[in-house]
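File shown here: start05.txt, holding compact mmCIF, C-alpha atoms.
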```txt
# COMPACT_ATOMS: atom_id res chain seq x y z
CA MET I 1 34.94 9.27 104.98
CA PRO I 2 36.89 8.41 101.81
CA ALA I 3 34.00 9.68 99.67
CA LYS I 4 33.99 12.99 101.55
CA SER I 5 37.75 13.53 101.24
CA SER I 6 37.71 12.83 97.48
CA THR I 7 34.89 15.37 97.09
CA ILE I 8 36.90 17.94 99.02
CA VAL I 9 40.02 17.25 96.93
CA THR I 10 37.99 17.57 93.72
CA ALA I 11 36.46 20.87 94.88
CA LEU I 12 39.85 22.28 95.91
CA THR I 13 41.42 21.21 92.62
CA ALA I 14 38.61 22.86 90.65
CA ALA I 15 38.94 26.07 92.69
CA ALA I 16 42.71 26.11 92.15
CA LEU I 17 42.28 25.67 88.38
CA VAL I 18 39.79 28.53 88.26
CA ALA I 19 42.16 30.77 90.27
CA VAL I 20 45.11 29.92 87.97
CA GLY I 21 42.97 30.62 84.92
CA VAL I 22 41.84 34.01 86.25
CA LEU I 23 45.42 34.98 87.19
CA GLY I 24 46.70 33.85 83.79
CA TYR I 25 44.06 35.93 82.02
CA GLN I 26 44.87 39.01 84.14
CA ALA I 27 48.59 38.59 83.46
CA SER I 28 48.11 38.27 79.71
CA ALA I 29 45.75 41.25 79.63
CA SER I 30 48.26 43.49 81.40
CA ALA I 31 51.39 42.33 79.54
CA PRO I 32 53.18 45.08 77.59
CA ASP I 33 53.12 44.99 73.78
CA THR I 34 56.82 44.16 73.75
CA LEU I 35 55.92 40.71 75.08
CA ALA I 36 53.35 40.05 72.37
CA PRO I 37 54.19 36.96 70.33
CA ALA I 38 56.01 37.68 67.08
CA ARG I 39 54.06 37.09 63.91
CA GLN I 40 55.42 34.99 61.08
CA ASP I 41 56.49 38.15 59.25
CA GLY I 42 58.74 38.97 62.24
CA SER I 43 56.72 41.91 63.52
CA HIS I 44 54.79 42.20 66.76
CA GLY I 45 51.03 42.38 66.62
CA SER I 46 51.07 46.03 67.76
CA THR I 47 53.06 47.15 64.70
CA ALA I 48 51.10 45.22 62.08
CA PRO I 49 49.67 47.23 59.20
CA LYS I 50 46.14 48.41 59.87
CA SER I 51 43.22 48.36 57.52
CA PRO I 52 41.80 51.84 56.75
CA ALA I 53 38.94 51.26 59.20
CA GLN I 54 41.35 50.19 61.95
CA GLY I 55 43.71 53.07 61.20
CA LYS I 56 41.00 55.62 62.01
CA LYS I 57 40.42 54.07 65.44
CA ASP I 58 44.13 53.68 66.24
CA LYS I 59 45.53 56.90 67.73
CA THR I 60 48.97 55.32 68.41
CA PRO I 61 51.71 57.58 67.04
CA ARG I 62 53.85 56.12 64.28
CA PRO I 63 57.43 55.25 65.25
CA VAL I 64 59.88 58.10 64.84
CA ALA I 65 62.70 57.21 62.43
CA VAL I 66 66.29 57.04 63.62
CA PRO I 67 67.93 60.36 62.65
CA ALA I 68 69.90 60.24 59.40
CA GLY I 69 73.63 60.70 59.85
CA SER I 70 73.61 59.21 63.35
CA GLY I 71 76.11 56.50 62.53
CA GLU I 72 75.84 52.78 62.03
CA GLY I 73 75.54 49.68 64.17
CA ARG I 74 74.50 49.29 67.80
CA ARG I 75 74.22 52.70 69.45
CA VAL I 76 72.20 55.13 71.53
CA VAL I 77 71.10 58.21 69.58
CA TYR I 78 70.14 61.35 71.52
CA SER I 79 68.52 64.23 69.62
CA LEU I 80 68.88 67.54 71.41
CA GLY I 81 66.20 69.26 69.31
CA ALA I 82 63.66 66.46 69.42
CA LYS I 83 64.35 65.68 73.11
CA ARG I 84 64.28 62.01 72.11
CA VAL I 85 66.41 58.90 72.45
CA TRP I 86 66.67 55.86 70.18
CA LEU I 87 68.17 52.53 71.20
CA VAL I 88 69.45 51.22 67.87
CA GLY I 89 70.34 47.58 67.22
CA ALA I 90 73.34 46.29 65.25
CA ASP I 91 71.21 46.18 62.09
CA GLY I 92 70.47 49.92 62.31
CA THR I 93 66.80 49.65 63.29
CA ALA I 94 65.36 51.25 66.41
CA ILE I 95 64.62 48.79 69.18
CA ARG I 96 63.01 51.52 71.28
CA THR I 97 62.51 55.28 71.13
CA TYR I 98 61.16 57.67 73.73
CA GLY I 99 61.07 61.29 74.81
CA VAL I 100 63.34 62.64 77.55
CA ALA I 101 63.60 65.71 79.76
CA PRO I 102 66.95 67.32 78.86
CA SER I 103 69.46 68.63 81.36
CA THR I 104 70.53 72.28 81.59
CA VAL I 105 73.97 71.42 80.19
CA SER I 106 73.95 69.61 76.85
CA PRO I 107 76.81 67.79 75.19
CA PRO I 108 77.93 69.02 71.77
CA ALA I 109 76.79 66.94 68.80
CA GLY I 110 79.17 64.06 68.19
CA ALA I 111 80.00 60.47 69.07
CA TYR I 112 80.71 59.37 72.63
CA ALA I 113 80.82 56.08 74.54
CA VAL I 114 79.28 54.98 77.83
CA VAL I 115 82.04 55.59 80.39
CA SER I 116 80.34 54.65 83.65
CA ARG I 117 77.09 53.38 85.13
CA SER I 118 75.46 53.41 88.57
CA VAL I 119 72.45 51.45 89.75
CA SER I 120 71.31 54.24 92.08
CA VAL I 121 72.67 57.57 93.31
CA THR I 122 71.45 61.05 94.19
CA GLY I 123 71.34 63.39 91.21
CA SER I 124 72.92 66.84 91.13
CA ASP I 125 69.42 68.22 91.69
CA GLY I 126 69.07 66.24 94.95
CA ILE I 127 66.60 63.69 93.51
CA ALA I 128 67.16 59.95 94.04
CA ILE I 129 67.88 58.45 90.62
CA GLU I 130 68.47 54.99 89.19
CA HIS I 131 69.90 53.32 86.08
CA VAL I 132 72.46 56.07 85.51
CA VAL I 133 74.36 55.78 82.21
CA ARG I 134 77.10 58.43 81.84
CA PHE I 135 78.73 59.26 78.52
CA ALA I 136 80.17 62.81 78.51
CA SER I 137 81.44 65.73 80.54
CA VAL I 138 81.06 69.41 79.64
CA ASP I 139 82.90 72.05 81.70
CA GLY I 140 83.03 69.71 84.69
CA VAL I 141 79.36 68.71 84.45
CA VAL I 142 78.87 64.98 83.91
CA ILE I 143 76.22 64.15 81.30
CA GLY I 144 74.15 60.99 81.41
CA PHE I 145 70.76 59.35 81.24
CA SER I 146 68.85 58.50 84.41
CA ALA I 147 65.40 57.91 85.84
CA ALA I 148 64.06 59.50 89.01
CA VAL I 149 63.04 56.86 91.53
CA ASP I 150 59.83 58.82 92.18
CA GLY I 151 59.08 58.69 88.43
CA SER I 152 59.28 62.45 87.93
CA THR I 153 60.79 64.11 84.88
CA PRO I 154 61.22 67.67 86.17
CA ASN I 155 61.93 70.82 84.23
CA PRO I 156 65.47 71.57 85.39
CA ASP I 157 66.26 74.93 86.97
CA ALA I 158 68.12 76.84 84.23
CA SER I 159 70.21 78.64 86.85
CA LYS I 160 71.81 75.33 87.93
CA LYS I 161 74.28 73.30 85.88
CA THR I 162 72.89 69.75 85.73
CA GLY I 163 73.77 66.93 83.35
CA GLY I 164 70.99 64.46 84.03
CA ILE I 165 68.87 63.62 80.99
CA ARG I 166 65.74 62.24 82.64
CA GLU I 167 63.72 59.35 81.28
CA SER I 168 60.80 57.38 82.70
CA ARG I 169 61.60 54.44 84.95
CA ASP I 170 60.63 51.93 82.22
CA ASP I 171 62.76 53.74 79.64
CA GLY I 172 65.61 54.01 82.15
CA LYS I 173 65.54 50.26 82.69
CA ALA I 174 65.62 49.68 78.92
CA MET I 175 68.59 52.08 78.61
CA TRP I 176 70.36 50.30 81.50
CA GLU I 177 69.97 46.91 79.83
CA PHE I 178 71.05 48.25 76.42
CA ALA I 179 73.84 50.75 77.11
CA LEU I 180 76.65 48.77 78.67
CA ARG I 181 80.04 50.36 79.24
CA GLY I 182 81.66 51.21 75.88
CA VAL I 183 78.41 51.32 73.88
CA LYS I 184 78.39 54.23 71.41
CA VAL I 185 76.23 57.27 72.17
CA VAL I 186 75.63 59.64 69.25
CA VAL I 187 74.33 63.12 69.99
CA VAL I 188 72.61 64.94 67.12
CA SER I 189 71.17 68.48 66.92
```

Will you turn the file into structure tokens for me?
Amino acid sequence: MPAKSSTIVTALTAAALVAVGVLGYQASASAPDTLAPARQDGSHGSTAPKSPAQGKKDKTPRPVAVPAGSGEGRRVVYSLGAKRVWLVGADGTAIRTYGVAPSTVSPPAGAYAVVSRSVSVTGSDGIAIEHVVRFASVDGVVIGFSAAVDGSTPNPDASKKTGGIRESRDDGKAMWEFALRGVKVVVVS
């Protein structure tokens, strides 16, 4: 019997190692680019310069620059015209940028600060939302960033006064982690 049990243990160990290897491969293949190891030059592999041949195959859009005149230091920049947000680090470089679905009521251009946050609430349009980051109020309408729990980014009904600037759930989580109470929010045209 000892020979049989050692054979079984060896077979189970080999099967477990294969399973761990397959799971590890699947996890690494599905990891977002933001988790890619940094290169020695400090950039991530996804932002490395491409050779001309690689550039033709790569359809990834180039990063959109932080708007000039949007201030300095750590801040959130929201461009009304571009319908885009930048999360900007203390050194002035964009950590993340993404498109948003604007609300029907927009804040005037200027500098604000995050005044309140909520993990989850119901939006003024009746949609369940999460990662709410509020920074302004216009004529009684509270303005803030949020993500719909169902992942939608609807076109708001222009006849209703809403202040929710909708972002994807992933972008909403990034905003939530970045924009703590008091963080500067700069709105540009």

Per-axis box centre and lengths in Å around range 139-150 of chain I, 5 Å margin per side, axis-aligned, as AutoDock Vina command-line options:
```
--center_x 71.4 --center_y 64.5 --center_z 86.7 --size_x 33.2 --size_y 25.2 --size_z 20.9
```

Long-range neighbours of range 144-157 of chain I as a PyMOL selection string, 8 Å cut-off, all atoms listed in the file, 6 positions minimum in chain: chain I and resi 100-104+127-136+163-169+171-172

For Gly110 in chain I, the nearest of the candidates I:Ala174, I:Ser159, I:Pro63, I:Gly71, counting all atoms listed in the file: I:Gly71

Nearby residues (only C-alpha atoms) at most 8 Å from Val141 in chain I, same-chain spacing under 5 positions excluded, as a list in words: Val105, Lys161, Thr162 and Gly163 of chain I

Just to be explicit: take each residue in the selection above, keep C-alpha atoms, and write the result as a tab-separated table (two decimals), in the frame of the given file.
```tsv
chain	number	residue	atom	x	y	z
I	105	VAL	CA	73.97	71.42	80.19
I	161	LYS	CA	74.28	73.30	85.88
I	162	THR	CA	72.89	69.75	85.73
I	163	GLY	CA	73.77	66.93	83.35
```

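Separating CA of Ala109 in chain I from CA of Leu180 in chain I is a distance of 20.7 Å.
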
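Around Val183 in chain I, within 12 Å and counting only C-alpha atoms, the residues found are Gly73, Arg74, Arg75, Val76, Val77, Leu87, Val88, Gly89, Ala90, Ala111, Tyr112, Ala113, Val114, Val115, Ser116, Arg117, Val133, Arg134, Phe135, Met175, Trp176, Glu177, Phe178 and Ala179 of chain I, once anything fewer than 4 positions away on its own chain is removed.
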
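The space between CA of Arg181 in chain I and CA of Lys160 in chain I spans 27.7 Å.
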
Reconstructed N, CA, C and O atoms for range 158-171 of chain I, given as a PDB file, in the frame of the given file:
```
ATOM      1  N   ALA I 158      67.116  76.346  85.190  1.00  0.00           N
ATOM      2  CA  ALA I 158      68.120  76.840  84.230  1.00  0.00           C
ATOM      3  C   ALA I 158      69.293  77.531  84.917  1.00  0.00           C
ATOM      4  O   ALA I 158      70.366  77.659  84.326  1.00  0.00           O
ATOM      5  N   SER I 159      69.121  77.966  86.159  1.00  0.00           N
ATOM      6  CA  SER I 159      70.210  78.640  86.850  1.00  0.00           C
ATOM      7  C   SER I 159      71.235  77.649  87.423  1.00  0.00           C
ATOM      8  O   SER I 159      72.301  78.045  87.864  1.00  0.00           O
ATOM      9  N   LYS I 160      70.905  76.359  87.420  1.00  0.00           N
ATOM     10  CA  LYS I 160      71.810  75.330  87.930  1.00  0.00           C
ATOM     11  C   LYS I 160      72.375  74.513  86.788  1.00  0.00           C
ATOM     12  O   LYS I 160      71.681  74.220  85.815  1.00  0.00           O
ATOM     13  N   LYS I 161      73.638  74.124  86.906  1.00  0.00           N
ATOM     14  CA  LYS I 161      74.280  73.300  85.880  1.00  0.00           C
ATOM     15  C   LYS I 161      74.061  71.826  86.247  1.00  0.00           C
ATOM     16  O   LYS I 161      74.672  71.314  87.185  1.00  0.00           O
ATOM     17  N   THR I 162      73.160  71.175  85.505  1.00  0.00           N
ATOM     18  CA  THR I 162      72.890  69.750  85.730  1.00  0.00           C
ATOM     19  C   THR I 162      73.103  68.997  84.424  1.00  0.00           C
ATOM     20  O   THR I 162      72.902  69.543  83.342  1.00  0.00           O
ATOM     21  N   GLY I 163      73.501  67.740  84.533  1.00  0.00           N
ATOM     22  CA  GLY I 163      73.770  66.930  83.350  1.00  0.00           C
ATOM     23  C   GLY I 163      72.873  65.725  83.203  1.00  0.00           C
ATOM     24  O   GLY I 163      73.093  64.898  82.327  1.00  0.00           O
ATOM     25  N   GLY I 164      71.871  65.630  84.059  1.00  0.00           N
ATOM     26  CA  GLY I 164      70.990  64.460  84.030  1.00  0.00           C
ATOM     27  C   GLY I 164      69.897  64.576  82.990  1.00  0.00           C
ATOM     28  O   GLY I 164      69.045  65.457  83.076  1.00  0.00           O
ATOM     29  N   ILE I 165      69.918  63.695  82.004  1.00  0.00           N
ATOM     30  CA  ILE I 165      68.870  63.620  80.990  1.00  0.00           C
ATOM     31  C   ILE I 165      67.868  62.613  81.528  1.00  0.00           C
ATOM     32  O   ILE I 165      68.162  61.429  81.616  1.00  0.00           O
ATOM     33  N   ARG I 166      66.689  63.091  81.927  1.00  0.00           N
ATOM     34  CA  ARG I 166      65.740  62.240  82.640  1.00  0.00           C
ATOM     35  C   ARG I 166      64.825  61.492  81.684  1.00  0.00           C
ATOM     36  O   ARG I 166      64.335  62.024  80.704  1.00  0.00           O
ATOM     37  N   GLU I 167      64.619  60.232  82.028  1.00  0.00           N
ATOM     38  CA  GLU I 167      63.720  59.350  81.280  1.00  0.00           C
ATOM     39  C   GLU I 167      62.776  58.694  82.283  1.00  0.00           C
ATOM     40  O   GLU I 167      63.010  58.754  83.487  1.00  0.00           O
ATOM     41  N   SER I 168      61.714  58.087  81.797  1.00  0.00           N
ATOM     42  CA  SER I 168      60.800  57.380  82.700  1.00  0.00           C
ATOM     43  C   SER I 168      61.525  56.176  83.288  1.00  0.00           C
ATOM     44  O   SER I 168      62.574  55.756  82.794  1.00  0.00           O
ATOM     45  N   ARG I 169      60.960  55.599  84.319  1.00  0.00           N
ATOM     46  CA  ARG I 169      61.600  54.440  84.950  1.00  0.00           C
ATOM     47  C   ARG I 169      61.668  53.263  83.979  1.00  0.00           C
ATOM     48  O   ARG I 169      62.678  52.563  83.921  1.00  0.00           O
ATOM     49  N   ASP I 170      60.614  53.030  83.197  1.00  0.00           N
ATOM     50  CA  ASP I 170      60.630  51.930  82.220  1.00  0.00           C
ATOM     51  C   ASP I 170      61.688  52.174  81.146  1.00  0.00           C
ATOM     52  O   ASP I 170      62.422  51.267  80.766  1.00  0.00           O
ATOM     53  N   ASP I 171      61.754  53.411  80.661  1.00  0.00           N
ATOM     54  CA  ASP I 171      62.760  53.740  79.640  1.00  0.00           C
ATOM     55  C   ASP I 171      64.164  53.669  80.236  1.00  0.00           C
ATOM     56  O   ASP I 171      65.108  53.225  79.575  1.00  0.00           O
TER      57      ASP I 171
END
```
